[in-house]
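Participant: Sharing data15.txt, compact mmCIF, C-alpha atoms:
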```txt
# COMPACT_ATOMS: atom_id res chain seq x y z
CA MET A 9 11.52 -80.48 -14.99
CA SER A 10 11.32 -77.67 -12.55
CA LYS A 11 14.43 -76.06 -11.30
CA ALA A 12 16.10 -77.83 -8.47
CA GLU A 13 17.14 -74.70 -6.58
CA ALA A 14 15.21 -73.79 -3.49
CA LYS A 15 12.11 -71.93 -4.45
CA PRO A 16 10.07 -69.80 -2.12
CA GLU A 17 7.24 -71.69 -0.57
CA ASN A 18 3.73 -71.02 -1.80
CA GLN A 19 5.16 -69.37 -4.86
CA PHE A 20 2.49 -68.93 -7.47
CA GLU A 21 3.02 -71.34 -10.34
CA PRO A 22 1.28 -70.04 -13.46
CA LYS A 23 -0.39 -72.32 -15.95
CA ILE A 24 0.87 -71.57 -19.41
CA ILE A 25 -0.78 -73.05 -22.47
CA ALA A 26 1.41 -73.13 -25.56
CA PHE A 27 -0.15 -73.53 -29.00
CA LEU A 28 2.65 -74.75 -31.21
CA CYS A 29 2.99 -75.55 -34.84
CA ASN A 30 3.98 -79.11 -35.55
CA TRP A 31 6.84 -78.29 -37.90
CA CYS A 32 8.94 -75.66 -36.21
CA THR A 33 8.28 -74.78 -32.61
CA TYR A 34 7.19 -78.24 -31.53
CA ALA A 35 10.34 -79.65 -33.05
CA GLY A 36 12.24 -76.86 -31.33
CA ALA A 37 10.76 -77.86 -28.00
CA ASP A 38 11.68 -81.44 -28.78
CA LEU A 39 15.23 -80.38 -29.48
CA ALA A 40 15.38 -78.64 -26.12
CA GLY A 41 14.31 -81.94 -24.59
CA THR A 42 16.82 -84.13 -26.42
CA GLY A 43 19.47 -81.53 -25.63
CA ARG A 44 18.64 -82.05 -21.93
CA LYS A 45 17.94 -78.38 -21.51
CA GLU A 46 16.13 -77.39 -18.41
CA TYR A 47 13.22 -74.99 -18.28
CA GLN A 48 10.30 -74.26 -16.01
CA ALA A 49 7.64 -76.92 -16.07
CA ASN A 50 4.63 -74.62 -16.16
CA VAL A 51 3.89 -75.08 -19.80
CA ARG A 52 1.26 -77.37 -21.34
CA ILE A 53 1.79 -77.85 -25.02
CA ILE A 54 -0.97 -78.20 -27.58
CA LYS A 55 0.43 -79.25 -30.93
CA LEU A 56 -1.35 -78.10 -34.06
CA PRO A 57 -0.49 -78.50 -37.73
CA CYS A 58 0.09 -74.80 -38.28
CA THR A 59 -0.28 -71.45 -36.52
CA GLY A 60 -2.57 -70.50 -39.40
CA GLY A 61 -5.08 -73.00 -38.02
CA ILE A 62 -5.31 -71.44 -34.60
CA ASP A 63 -8.66 -69.84 -34.10
CA PRO A 64 -8.62 -66.99 -31.56
CA LEU A 65 -11.37 -68.96 -29.84
CA PHE A 66 -8.71 -71.45 -28.73
CA LEU A 67 -7.11 -68.68 -26.74
CA ILE A 68 -10.37 -67.55 -25.20
CA LYS A 69 -11.17 -71.13 -24.30
CA ALA A 70 -7.78 -71.60 -22.68
CA PHE A 71 -8.38 -68.56 -20.48
CA GLU A 72 -11.87 -69.81 -19.69
CA ARG A 73 -10.46 -73.10 -18.54
CA GLY A 74 -7.92 -71.55 -16.22
CA ALA A 75 -4.83 -70.58 -18.18
CA ASP A 76 -2.82 -67.73 -16.69
CA GLY A 77 -0.83 -67.13 -19.81
CA ILE A 78 -0.73 -68.25 -23.41
CA LEU A 79 2.06 -68.68 -25.90
CA VAL A 80 1.45 -69.00 -29.61
CA SER A 81 4.47 -70.00 -31.57
CA GLY A 82 5.26 -71.18 -35.07
CA CYS A 83 7.72 -71.05 -37.93
CA HIS A 84 9.63 -67.92 -38.79
CA PRO A 85 8.09 -65.89 -41.62
CA GLY A 86 9.04 -67.53 -44.88
CA ASP A 87 9.57 -70.94 -43.29
CA CYS A 88 5.96 -72.10 -43.04
CA HIS A 89 5.47 -75.73 -44.02
CA TYR A 90 2.28 -74.65 -45.78
CA ASN A 91 3.95 -71.54 -47.26
CA SER A 92 1.71 -68.85 -45.82
CA GLY A 93 -0.01 -70.13 -42.66
CA ASN A 94 2.10 -68.09 -40.31
CA TYR A 95 1.57 -64.92 -42.34
CA HIS A 96 -2.18 -65.34 -42.02
CA ALA A 97 -1.83 -66.04 -38.31
CA ARG A 98 0.22 -62.89 -37.88
CA ARG A 99 -2.57 -60.84 -39.46
CA ARG A 100 -5.05 -62.35 -37.04
CA TRP A 101 -2.97 -61.62 -33.96
CA ASN A 102 -2.42 -58.11 -35.24
CA VAL A 103 -6.08 -57.36 -34.65
CA PHE A 104 -6.95 -59.87 -31.93
CA ARG A 105 -4.29 -58.74 -29.49
CA PRO A 106 -5.42 -55.09 -29.41
CA LEU A 107 -9.02 -56.28 -29.04
CA LEU A 108 -8.19 -58.19 -25.86
CA GLU A 109 -6.14 -55.28 -24.64
CA PHE A 110 -9.13 -53.02 -25.26
CA CYS A 111 -11.25 -55.34 -23.13
CA GLY A 112 -8.77 -55.04 -20.27
CA ILE A 113 -6.70 -58.20 -20.68
CA ASN A 114 -3.00 -57.64 -20.11
CA PRO A 115 -1.22 -58.27 -23.42
CA ASP A 116 1.69 -59.86 -21.54
CA ARG A 117 -0.55 -62.83 -20.84
CA ILE A 118 -0.61 -63.66 -24.51
CA GLN A 119 2.72 -63.90 -26.21
CA PHE A 120 3.67 -64.73 -29.74
CA SER A 121 6.97 -65.94 -31.04
CA TRP A 122 8.70 -67.55 -33.97
CA ILE A 123 10.84 -70.50 -32.95
CA SER A 124 12.37 -72.79 -35.54
CA ALA A 125 13.15 -76.48 -35.19
CA ALA A 126 16.81 -75.62 -34.59
CA GLU A 127 16.16 -73.10 -31.81
CA GLY A 128 15.96 -75.28 -28.73
CA GLY A 129 17.72 -72.55 -26.79
CA LYS A 130 15.26 -69.91 -27.85
CA TRP A 131 12.41 -72.17 -26.72
CA VAL A 132 13.93 -72.43 -23.26
CA GLU A 133 14.40 -68.67 -23.08
CA THR A 134 10.89 -67.96 -24.32
CA ILE A 135 9.24 -70.30 -21.85
CA ASN A 136 11.28 -69.05 -18.93
CA GLY A 137 10.48 -65.51 -20.03
CA ILE A 138 6.74 -65.98 -20.22
CA VAL A 139 6.56 -68.01 -17.00
CA ASP A 140 8.43 -65.28 -15.13
CA ALA A 141 6.37 -62.52 -16.69
CA VAL A 142 3.07 -64.22 -15.86
CA ARG A 143 4.21 -65.15 -12.37
CA GLU A 144 4.83 -61.45 -11.85
CA LEU A 145 1.31 -60.66 -13.04
CA GLY A 146 -0.18 -63.24 -10.72
CA PRO A 147 -3.05 -65.61 -11.36
CA PHE A 148 -5.54 -64.46 -13.97
CA GLU A 149 -8.17 -64.14 -11.32
CA SER A 150 -10.29 -61.53 -12.97
CA TYR A 151 -11.06 -63.98 -15.75
CA GLN A 152 -11.19 -67.13 -13.66
CA LYS A 153 -13.52 -65.49 -11.20
CA LEU A 154 -16.06 -64.61 -13.85
CA ASN A 155 -18.97 -66.62 -12.69
CA THR A 156 -20.95 -69.01 -14.78
CA ILE A 157 -24.32 -68.60 -13.16
CA GLY A 158 -25.40 -65.21 -14.38
CA PRO A 159 -25.07 -61.66 -13.09
CA GLU A 160 -24.37 -61.28 -9.40
CA THR A 161 -27.89 -60.04 -8.74
CA SER A 162 -29.06 -63.60 -9.30
CA GLY A 163 -27.53 -64.38 -5.93
CA GLY A 164 -25.44 -67.45 -6.77
CA ALA A 165 -24.34 -69.22 -3.59
CA ALA A 166 -20.93 -70.27 -4.91
CA ASP A 167 -20.01 -66.75 -5.84
CA ALA A 168 -21.55 -65.03 -2.89
CA SER A 169 -19.34 -66.98 -0.52
CA SER A 170 -16.13 -66.18 -2.37
CA GLU A 171 -17.11 -62.51 -2.62
CA THR A 172 -17.84 -62.00 1.02
CA GLY A 173 -15.37 -64.47 2.41
CA MET B 6 -36.75 -36.68 -53.21
CA ILE B 7 -39.46 -39.02 -51.93
CA GLU B 8 -41.35 -38.58 -55.17
CA GLU B 9 -38.25 -39.35 -57.16
CA LEU B 10 -37.71 -42.53 -55.10
CA ARG B 11 -41.28 -43.67 -55.61
CA LYS B 12 -41.11 -42.98 -59.34
CA LYS B 13 -37.91 -44.92 -59.64
CA ALA B 14 -39.30 -47.86 -57.67
CA GLU B 15 -42.48 -47.89 -59.72
CA GLU B 16 -40.54 -47.86 -62.95
CA LEU B 17 -38.28 -50.73 -61.86
CA LEU B 18 -41.20 -52.86 -60.75
CA LYS B 19 -43.25 -52.09 -63.86
CA ASN B 20 -40.56 -52.91 -66.37
CA GLY B 21 -39.63 -56.05 -64.49
CA THR B 22 -36.03 -55.11 -63.72
CA VAL B 23 -36.63 -56.17 -60.13
CA LYS B 24 -39.26 -58.19 -58.30
CA VAL B 25 -39.15 -56.31 -55.02
CA VAL B 26 -37.96 -53.00 -53.63
CA PHE B 27 -36.46 -52.88 -50.13
CA GLY B 28 -37.08 -49.43 -48.75
CA TYR B 29 -38.13 -47.39 -45.77
CA GLY B 30 -41.77 -46.90 -44.88
CA GLU B 31 -43.53 -44.86 -42.26
CA GLY B 32 -43.35 -46.21 -38.75
CA SER B 33 -45.89 -46.25 -35.95
CA VAL B 34 -44.74 -42.81 -34.82
CA PRO B 35 -43.26 -40.01 -36.93
CA GLU B 36 -39.80 -40.50 -35.36
CA ARG B 37 -39.58 -44.04 -36.65
CA THR B 38 -39.43 -45.74 -39.98
CA ARG B 39 -39.76 -49.39 -40.77
CA PRO B 40 -38.45 -51.51 -43.60
CA VAL B 41 -40.96 -52.15 -46.36
CA PHE B 42 -40.82 -54.66 -49.17
CA ILE B 43 -42.73 -53.42 -52.18
CA THR B 44 -43.67 -56.02 -54.74
CA LYS B 45 -46.49 -54.23 -56.59
CA PRO B 46 -46.06 -50.94 -58.48
CA GLU B 47 -49.26 -49.55 -56.95
CA ASP B 48 -47.77 -49.83 -53.47
CA VAL B 49 -44.82 -47.51 -54.04
CA ASN B 50 -46.49 -44.71 -52.08
CA LYS B 51 -45.55 -46.62 -48.95
CA LEU B 52 -41.96 -45.59 -49.54
CA THR B 53 -40.59 -42.69 -47.62
CA TRP B 54 -37.30 -40.98 -46.94
CA ASN B 55 -36.36 -38.82 -43.98
CA LYS B 56 -33.73 -38.43 -41.30
CA TYR B 57 -35.13 -41.37 -39.35
CA CYS B 58 -34.08 -43.86 -42.03
CA VAL B 59 -31.16 -45.12 -39.95
CA TYR B 60 -31.38 -48.84 -40.72
CA ASN B 61 -29.13 -50.74 -43.05
CA LEU B 62 -31.42 -52.60 -45.44
CA THR B 63 -28.67 -54.83 -46.81
CA THR B 64 -29.23 -57.14 -43.84
CA TYR B 65 -32.30 -58.49 -45.68
CA LEU B 66 -30.06 -59.86 -48.42
CA LYS B 67 -29.09 -62.71 -46.12
CA ARG B 68 -32.62 -63.69 -45.07
CA GLN B 69 -34.44 -66.56 -46.71
CA GLU B 70 -37.80 -64.79 -46.42
CA THR B 71 -36.67 -61.81 -48.42
CA ARG B 72 -34.46 -63.75 -50.81
CA LYS B 73 -37.53 -65.70 -51.87
CA LEU B 74 -39.13 -62.52 -53.20
CA GLY B 75 -36.78 -62.41 -56.18
CA LYS B 76 -34.26 -59.89 -57.43
CA PRO B 77 -34.34 -56.84 -55.16
CA ALA B 78 -33.71 -53.17 -55.58
CA LEU B 79 -32.37 -51.63 -52.39
CA ILE B 80 -32.56 -48.07 -51.25
CA LEU B 81 -29.14 -47.47 -49.79
CA LYS B 82 -27.33 -44.64 -48.12
CA GLY B 83 -23.61 -44.24 -48.68
CA CYS B 84 -22.71 -46.20 -45.56
CA ASP B 85 -25.09 -49.03 -46.39
CA ALA B 86 -23.74 -49.26 -49.91
CA ARG B 87 -20.33 -50.08 -48.45
CA THR B 88 -21.86 -53.31 -47.18
CA ILE B 89 -22.62 -54.26 -50.77
CA ILE B 90 -18.95 -53.90 -51.67
CA VAL B 91 -17.96 -56.21 -48.81
CA LEU B 92 -20.67 -58.74 -49.70
CA LEU B 93 -19.57 -58.74 -53.33
CA LYS B 94 -15.97 -59.17 -52.29
CA GLU B 95 -16.91 -62.09 -50.03
CA CYS B 96 -18.92 -63.73 -52.85
CA GLN B 97 -22.21 -63.53 -50.97
CA ILE B 98 -24.04 -61.80 -53.79
CA LYS B 99 -23.45 -61.16 -57.46
CA ARG B 100 -23.52 -57.63 -58.75
CA GLU B 101 -26.22 -58.46 -61.30
CA ASP B 102 -28.46 -59.91 -58.57
CA VAL B 103 -29.06 -56.59 -56.84
CA TYR B 104 -30.17 -53.23 -58.10
CA ILE B 105 -28.94 -50.33 -56.01
CA ILE B 106 -30.91 -47.13 -55.70
CA GLY B 107 -28.37 -44.92 -53.98
CA VAL B 108 -29.53 -41.94 -52.00
CA THR B 109 -27.32 -39.06 -51.03
CA CYS B 110 -27.50 -38.38 -47.35
CA ASP B 111 -26.40 -35.68 -44.93
CA GLY B 112 -26.75 -37.78 -41.85
CA VAL B 113 -29.59 -39.60 -40.15
CA GLY B 114 -30.95 -39.93 -36.66
CA ASP B 115 -32.15 -37.38 -34.18
CA PRO B 116 -29.83 -36.57 -32.49
CA LEU B 117 -27.40 -37.21 -35.30
CA ALA B 118 -26.17 -40.80 -35.25
CA GLU B 119 -22.58 -41.35 -34.15
CA LYS B 120 -21.75 -42.98 -37.48
CA CYS B 121 -22.71 -39.82 -39.35
CA LYS B 122 -20.35 -37.53 -37.46
CA ALA B 123 -17.31 -38.63 -39.44
CA CYS B 124 -19.11 -39.65 -42.63
CA ASP B 125 -17.11 -39.65 -45.84
CA VAL B 126 -19.67 -41.36 -48.05
CA HIS B 127 -22.49 -38.83 -48.39
CA THR B 128 -22.77 -40.03 -51.96
CA PRO B 129 -22.73 -43.84 -52.24
CA LEU B 130 -19.64 -45.34 -53.83
CA ILE B 131 -21.63 -47.95 -55.70
CA TYR B 132 -25.10 -47.58 -57.23
CA ASP B 133 -27.16 -48.14 -60.35
CA ASP B 134 -29.25 -45.03 -59.88
CA LEU B 135 -28.64 -42.05 -57.71
CA VAL B 136 -31.48 -40.14 -56.11
CA GLY B 137 -30.81 -36.74 -54.60
CA GLU B 138 -28.22 -34.13 -55.31
CA LYS B 139 -24.67 -35.42 -55.55
CA ARG B 140 -22.48 -34.46 -52.56
CA GLU B 141 -18.76 -34.30 -52.36
CA ASN B 142 -17.25 -37.14 -50.32
CA LYS B 143 -14.74 -35.28 -48.19
CA GLU B 144 -12.06 -37.32 -46.55
CA VAL B 145 -12.08 -37.33 -42.76
CA PRO B 146 -8.73 -37.63 -40.97
CA PHE B 147 -7.89 -40.89 -39.18
CA GLU B 148 -7.91 -39.40 -35.67
CA GLU B 149 -11.30 -37.84 -36.16
CA ARG B 150 -12.85 -41.06 -37.43
CA TYR B 151 -11.81 -42.98 -34.35
CA ALA B 152 -12.15 -40.13 -31.85
CA GLU B 153 -14.93 -41.99 -30.05
CA LEU B 154 -12.41 -44.58 -28.88
CA ASP B 155 -9.99 -42.19 -27.22
CA GLU B 156 -11.59 -42.00 -23.81
CA TYR B 157 -11.76 -45.79 -23.57
CA GLU B 158 -8.26 -46.45 -24.84
CA LYS B 159 -6.90 -44.08 -22.23
CA LEU B 160 -8.36 -46.10 -19.36
CA GLU B 161 -6.15 -48.18 -17.10
CA GLU B 162 -6.18 -51.90 -17.75
CA LYS B 163 -8.24 -52.56 -14.65
CA ASP B 164 -10.79 -49.90 -15.52
CA LYS B 165 -11.11 -51.24 -19.03
CA TRP B 166 -11.83 -54.68 -17.65
CA GLU B 167 -14.38 -53.33 -15.22
CA PHE B 168 -16.05 -51.20 -17.83
CA TRP B 169 -16.48 -54.10 -20.24
CA GLN B 170 -17.48 -56.55 -17.56
CA LYS B 171 -20.22 -54.19 -16.52
CA GLN B 172 -21.37 -54.04 -20.13
CA PHE B 173 -21.10 -57.74 -20.91
CA GLU B 174 -22.80 -58.68 -17.68
CA LYS B 175 -25.99 -57.18 -19.08
CA CYS B 176 -25.92 -59.36 -22.19
CA ILE B 177 -28.87 -61.73 -22.37
CA LYS B 178 -27.52 -63.61 -25.40
CA CYS B 179 -30.49 -62.70 -27.56
CA TYR B 180 -28.13 -62.53 -30.58
CA ALA B 181 -29.96 -59.50 -31.95
CA CYS B 182 -26.54 -58.05 -32.73
CA SER B 183 -25.62 -60.86 -35.08
CA ASN B 184 -29.12 -61.23 -36.49
CA ILE B 185 -29.25 -57.63 -37.62
CA CYS B 186 -25.67 -57.57 -38.89
CA PRO B 187 -25.60 -57.71 -42.68
CA LEU B 188 -22.16 -59.31 -42.54
CA CYS B 189 -22.98 -62.04 -40.00
CA PHE B 190 -24.27 -64.48 -42.57
CA CYS B 191 -23.05 -67.94 -41.54
CA ASP B 192 -25.86 -70.47 -41.84
CA ARG B 193 -24.70 -71.99 -38.63
CA CYS B 194 -23.17 -69.59 -36.18
CA ILE B 195 -20.32 -70.67 -33.93
CA VAL B 196 -22.60 -70.24 -30.90
CA GLU B 197 -24.94 -72.86 -32.30
CA LYS B 198 -22.21 -75.46 -32.52
CA ASN B 199 -21.97 -77.70 -29.49
CA GLN B 200 -19.53 -80.40 -30.54
CA PRO B 201 -17.40 -78.97 -29.02
CA GLN B 202 -19.18 -76.15 -27.25
CA TRP B 203 -16.98 -73.19 -28.04
CA ILE B 204 -19.16 -70.54 -26.52
CA ASP B 205 -21.28 -71.20 -23.51
CA PRO B 206 -24.88 -70.64 -24.57
CA SER B 207 -26.28 -69.37 -21.28
CA ALA B 208 -25.98 -65.73 -20.37
CA HIS B 209 -23.37 -65.64 -17.64
CA PRO B 210 -20.39 -63.27 -17.47
CA ARG B 211 -17.82 -65.81 -18.66
CA GLY B 212 -19.81 -66.92 -21.68
CA ASN B 213 -20.80 -63.35 -22.45
CA LEU B 214 -17.19 -62.29 -22.69
CA SER B 215 -16.43 -65.10 -25.13
CA TRP B 216 -19.46 -64.30 -27.22
CA ASN B 217 -18.96 -60.58 -27.45
CA VAL B 218 -15.25 -60.83 -28.17
CA THR B 219 -15.85 -63.48 -30.81
CA ARG B 220 -18.67 -61.58 -32.47
CA ALA B 221 -16.50 -58.50 -32.71
CA TYR B 222 -13.46 -60.43 -33.89
CA HIS B 223 -15.43 -62.07 -36.69
CA LEU B 224 -16.03 -58.59 -38.05
CA ALA B 225 -12.38 -57.59 -38.02
CA GLY B 226 -11.54 -55.87 -41.27
CA ARG B 227 -15.15 -56.32 -42.42
CA CYS B 228 -17.38 -54.09 -40.30
CA ILE B 229 -18.56 -51.04 -42.20
CA ASN B 230 -19.68 -49.22 -39.07
CA CYS B 231 -23.43 -49.12 -39.67
CA GLU B 232 -23.92 -49.32 -35.88
CA GLU B 233 -26.93 -51.58 -36.28
CA CYS B 234 -25.70 -54.04 -33.63
CA GLN B 235 -25.53 -51.28 -31.09
CA ARG B 236 -28.89 -49.85 -32.09
CA VAL B 237 -30.75 -53.14 -31.70
CA CYS B 238 -29.04 -54.23 -28.48
CA PRO B 239 -31.87 -54.42 -25.92
CA VAL B 240 -29.49 -53.86 -23.01
CA ASP B 241 -27.50 -51.04 -24.64
CA ILE B 242 -24.04 -52.58 -24.78
CA PRO B 243 -21.82 -50.20 -26.79
CA LEU B 244 -20.94 -52.97 -29.23
CA ASN B 245 -19.80 -50.63 -31.92
CA LEU B 246 -16.85 -49.56 -29.80
CA LEU B 247 -15.42 -53.05 -30.23
CA ASN B 248 -16.09 -53.00 -33.95
CA LYS B 249 -14.53 -49.59 -34.27
CA LYS B 250 -11.47 -50.64 -32.34
CA LEU B 251 -10.94 -53.53 -34.73
CA ALA B 252 -11.51 -51.28 -37.73
CA LYS B 253 -8.91 -48.92 -36.35
CA GLU B 254 -6.38 -51.71 -35.88
CA ALA B 255 -7.04 -53.08 -39.35
CA GLU B 256 -6.53 -49.68 -40.87
CA LYS B 257 -3.43 -48.99 -38.82
CA SER B 258 -1.80 -52.35 -39.47
CA PHE B 259 -2.98 -53.21 -42.97
CA ASP B 260 -3.94 -49.81 -44.35
CA TYR B 261 -7.31 -51.29 -45.21
CA ARG B 262 -10.83 -49.96 -44.90
CA PRO B 263 -13.64 -52.29 -45.86
CA GLY B 264 -16.25 -51.28 -48.40
CA TYR B 265 -14.36 -48.51 -50.13
CA ASN B 266 -12.64 -50.13 -53.03
CA ILE B 267 -13.87 -53.25 -54.72
CA ASP B 268 -10.37 -54.01 -56.00
CA ASP B 269 -8.79 -54.17 -52.52
CA GLU B 270 -7.98 -57.63 -51.20
CA LEU B 271 -9.97 -58.53 -48.08
CA ALA B 272 -7.81 -57.70 -45.08
CA MET B 273 -8.13 -61.03 -43.32
CA SER B 274 -7.79 -63.30 -46.33
CA THR B 275 -4.52 -61.91 -47.53
CA TYR B 276 -1.18 -60.95 -46.02
CA LYS B 277 1.92 -58.95 -46.68
CA GLU B 278 5.38 -60.23 -45.96
CA ASP B 279 6.19 -57.05 -44.08
CA ASP B 280 3.12 -57.02 -41.85
CA ASP B 281 3.75 -55.58 -38.42
CA GLU B 282 5.28 -58.04 -35.96
CA ASP B 283 6.70 -55.82 -33.25
CA PHE B 284 4.88 -57.81 -30.63
CA PHE B 285 6.49 -61.12 -31.65
CA LYS B 286 9.29 -62.31 -29.50
```
Would you write out, as structure tokens, the structure that this file holds?
Facilitator:
Amino acid sequence: MSKAEAKPENQFEPKIIAFLCNWCTYAGADLAGTGRKEYQANVRIIKLPCTGGIDPLFLIKAFERGADGILVSGCHPGDCHYNSGNYHARRRWNVFRPLLEFCGINPDRIQFSWISAAEGGKWVETINGIVDAVRELGPFESYQKLNTIGPETSGGAADASSETG
Amino acid sequence: MIEELRKKAEELLKNGTVKVVFGYGEGSVPERTRPVFITKPEDVNKLTWNKYCVYNLTTYLKRQETRKLGKPALILKGCDARTIIVLLKECQIKREDVYIIGVTCDGVGDPLAEKCKACDVHTPLIYDDLVGEKRENKEVPFEERYAELDEYEKLEEKDKWEFWQKQFEKCIKCYACSNICPLCFCDRCIVEKNQPQWIDPSAHPRGNLSWNVTRAYHLAGRCINCEECQRVCPVDIPLNLLNKKLAKEAEKSFDYRPGYNIDDELAMSTYKEDDDEDFFK
């Protein structure tokens, strides 16, 4: 459901991939839906059993395949369905996020949050927040433009045209 | 010191404590050494020790070819011995399956290797026998240990991206970095899995970014900074900067440094309820 108000033409619509835990945030998103709450429709949800099962490779892959922003969200600390999955996930993001930042990826493109099954409102706010933030940043061109045919010296036709054109 | 090493190796081989000694031998030129695997007591004269012994011999603990030789004794510097602590902690080896001949060391490489500039393990923290005069392990302050990172962390986001793209673009996916790494020991690496294909196997900029980020991430809270990946890289990517950055974050966030204390929980297999979460919304 995108907002009905007039929106500027040719406005950039970011693609946001959300990795959600089945027990809290997914249910929270569901609640937002049953509550008929409106939020920006730029988000694609991938439901997983637990945030503890999210390999950082998922995030890299999402960027590779054209995501402009990523949200990872799960149960609040202490509420994990599997007791400690979200604590382990938090450790991972504690080191993975600075690594991406070190490589020159804007940390605002990857956001983390805790949203419980009762927080439909927070889900709406979070999604609107990340969509607006990423729209501001623009398309993640630097990543999407990374070619897949080798260094530029190899003279790939597809890339040469986009570079010069 | 060389004599002492040779005597020790000979004794261990003769009395059957170990079947093989992993050590350093003379290389093709005086500025190089090469790993040697001594199985007969009469060969111990091949062993040497000098400032060119930069390699980390623990990487041979993961290789089938060297495992086949039987129980090894390893000649290890302080930094290399830290690997043993991580391997023990990760249940890759048993303490009784390796014999450690520790050597005290004042730094290797010519010019002095980067890893030696902030060394705080001149005397190994774990060994069965120590060769060389015992040195004091002076603590080095946090800032000094990670000083190498400063100039890169200061860069603008765009410059960081450009810098790393320029580096990763050179990568030819030879996987020398993970082959040499003593802590990259999966039988089947993630890059070899193709159902699904997580990391693109050909050497193009997009796949190279995934590979290099993943390789570094898999060493988070584990890398002991032996700099071997960087040394063997045929296209000179400063891989150790990534490792160091992760080590810095692990230390900052979890107050953990791998390979120092065998009683510490592994950083990435444990958690604390009050871990940092400032970046969570």
Participant: Quick one: distance from atom CA of B:Val59 to atom CA of B:Tyr222 in Å, one decimal?
Facilitator: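 Atom CA of B:Tyr222 lies 24.2 Å from atom CA of B:Val59.
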Participant: Would you work out the distance separating atom CA of A:Asn102 from atom CA of B:Met273, expressed in Å to one decimal?
Facilitator: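 Result for atom CA of A:Asn102 versus atom CA of B:Met273: 10.3 Å, one decimal.
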Participant: Would you please work out which residue, of B:Ile185, B:Ala225, B:Leu117, B:Cys238, is nearest to chain A when using all atoms listed in the file?
Facilitator: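 Using all atoms listed in the file, the shortest distance to chain A belongs to B:Ala225.
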Participant: Would you give me, as CSV, each residue of chain A having an atom within 10 Å of an atom of chain B, along with its shortest atom pair and that distance in Å to one decimal, using only C-alpha atoms and sorting by chain and residue number?
Facilitator:
```
residue,atom,partner,partner_atom,distance
A:Pro64,CA,B:Thr219,CA,8.1
A:Leu65,CA,B:Thr219,CA,7.1
A:Phe66,CA,B:Trp203,CA,8.5
A:Ile68,CA,B:Ser215,CA,6.5
A:Lys69,CA,B:Trp203,CA,7.2
A:Phe71,CA,B:Ser215,CA,9.9
A:Glu72,CA,B:Arg211,CA,7.2
A:Val80,CA,B:Phe285,CA,9.6
A:Ser81,CA,B:Phe285,CA,9.1
A:Pro85,CA,B:Glu278,CA,7.6
A:Gly86,CA,B:Glu278,CA,8.2
A:Ser92,CA,B:Tyr276,CA,8.4
A:Gly93,CA,B:Tyr276,CA,9.8
A:Asn94,CA,B:Tyr276,CA,9.7
A:Tyr95,CA,B:Tyr276,CA,6.1
A:His96,CA,B:Tyr276,CA,6.0
A:Ala97,CA,B:Tyr276,CA,9.3
A:Arg98,CA,B:Glu282,CA,7.3
A:Arg99,CA,B:Tyr276,CA,6.7
A:Arg100,CA,B:Met273,CA,7.1
A:Trp101,CA,B:Glu282,CA,9.2
A:Asn102,CA,B:Ser258,CA,7.2
A:Val103,CA,B:Glu254,CA,5.8
A:Phe104,CA,B:Tyr222,CA,6.8
A:Arg105,CA,B:Phe284,CA,9.3
A:Pro106,CA,B:Glu254,CA,7.4
A:Leu107,CA,B:Leu251,CA,6.6
A:Leu108,CA,B:Val218,CA,7.9
A:Glu109,CA,B:Glu162,CA,7.7
A:Phe110,CA,B:Glu158,CA,6.6
A:Cys111,CA,B:Trp166,CA,5.5
A:Gly112,CA,B:Trp166,CA,4.0
A:Ile113,CA,B:Trp166,CA,6.9
A:Asn114,CA,B:Glu162,CA,7.0
A:Pro115,CA,B:Phe284,CA,9.5
A:Asp116,CA,B:Phe284,CA,9.8
A:Gln119,CA,B:Phe285,CA,7.2
A:Phe120,CA,B:Phe285,CA,5.0
A:Ser121,CA,B:Lys286,CA,4.6
A:Trp122,CA,B:Lys286,CA,6.9
A:Ile123,CA,B:Lys286,CA,9.0
A:Lys130,CA,B:Lys286,CA,9.8
A:Thr134,CA,B:Lys286,CA,7.8
A:Ser150,CA,B:Trp166,CA,8.4
A:Tyr151,CA,B:Arg211,CA,7.6
A:Gln152,CA,B:Arg211,CA,8.4
A:Lys153,CA,B:Arg211,CA,8.6
A:Leu154,CA,B:Arg211,CA,5.3
A:Asn155,CA,B:Pro210,CA,6.0
A:Thr156,CA,B:His209,CA,5.0
A:Ile157,CA,B:His209,CA,5.5
A:Gly158,CA,B:His209,CA,3.9
A:Pro159,CA,B:Glu174,CA,5.9
A:Glu160,CA,B:Glu174,CA,8.8
```
Participant: Which residue is closest to A:Ala26? Choose from A:Cys83, A:Leu56, A:Val51, A:Ala125 and count all atoms listed in the file.
Facilitator: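 Using all atoms listed in the file, A:Ala26 sits closest to A:Val51.
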Participant: Could you tell me how far atom CA of A:Phe148 sits from atom CA of A:Gln48, in Å to one decimal place?
Facilitator: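 Going from atom CA of A:Gln48 over to atom CA of A:Phe148, I get 18.7 Å.
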Participant: Show which residues sit within 12 Å of A:Gln19, as number ranges by chain. Count only C-alpha atoms, and ignore same-chain residues fewer than 6 positions away.
Facilitator: A: 140, 143-144, 146-147
Participant: Got a sec: who's within 10 Å of A:Ala141, counting all atoms listed in the file, leaving out chain neighbours fewer than 4 positions off, as a list of chain:residue names?
Facilitator: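 The filter keeps A:Pro22, A:Gly77, A:Asp116, A:Arg117, A:Ile135, A:Asn136, A:Gly137, A:Leu145, A:Gly146.
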Participant: Could those selected residues go to a file with C-alpha atoms, as a compact mmCIF listing (two decimals), keeping the file's coordinate frame?
Facilitator:
```txt
# COMPACT_ATOMS: atom_id res chain seq x y z
CA PRO A 22 1.28 -70.04 -13.46
CA GLY A 77 -0.83 -67.13 -19.81
CA ASP A 116 1.69 -59.86 -21.54
CA ARG A 117 -0.55 -62.83 -20.84
CA ILE A 135 9.24 -70.30 -21.85
CA ASN A 136 11.28 -69.05 -18.93
CA GLY A 137 10.48 -65.51 -20.03
CA LEU A 145 1.31 -60.66 -13.04
CA GLY A 146 -0.18 -63.24 -10.72
```
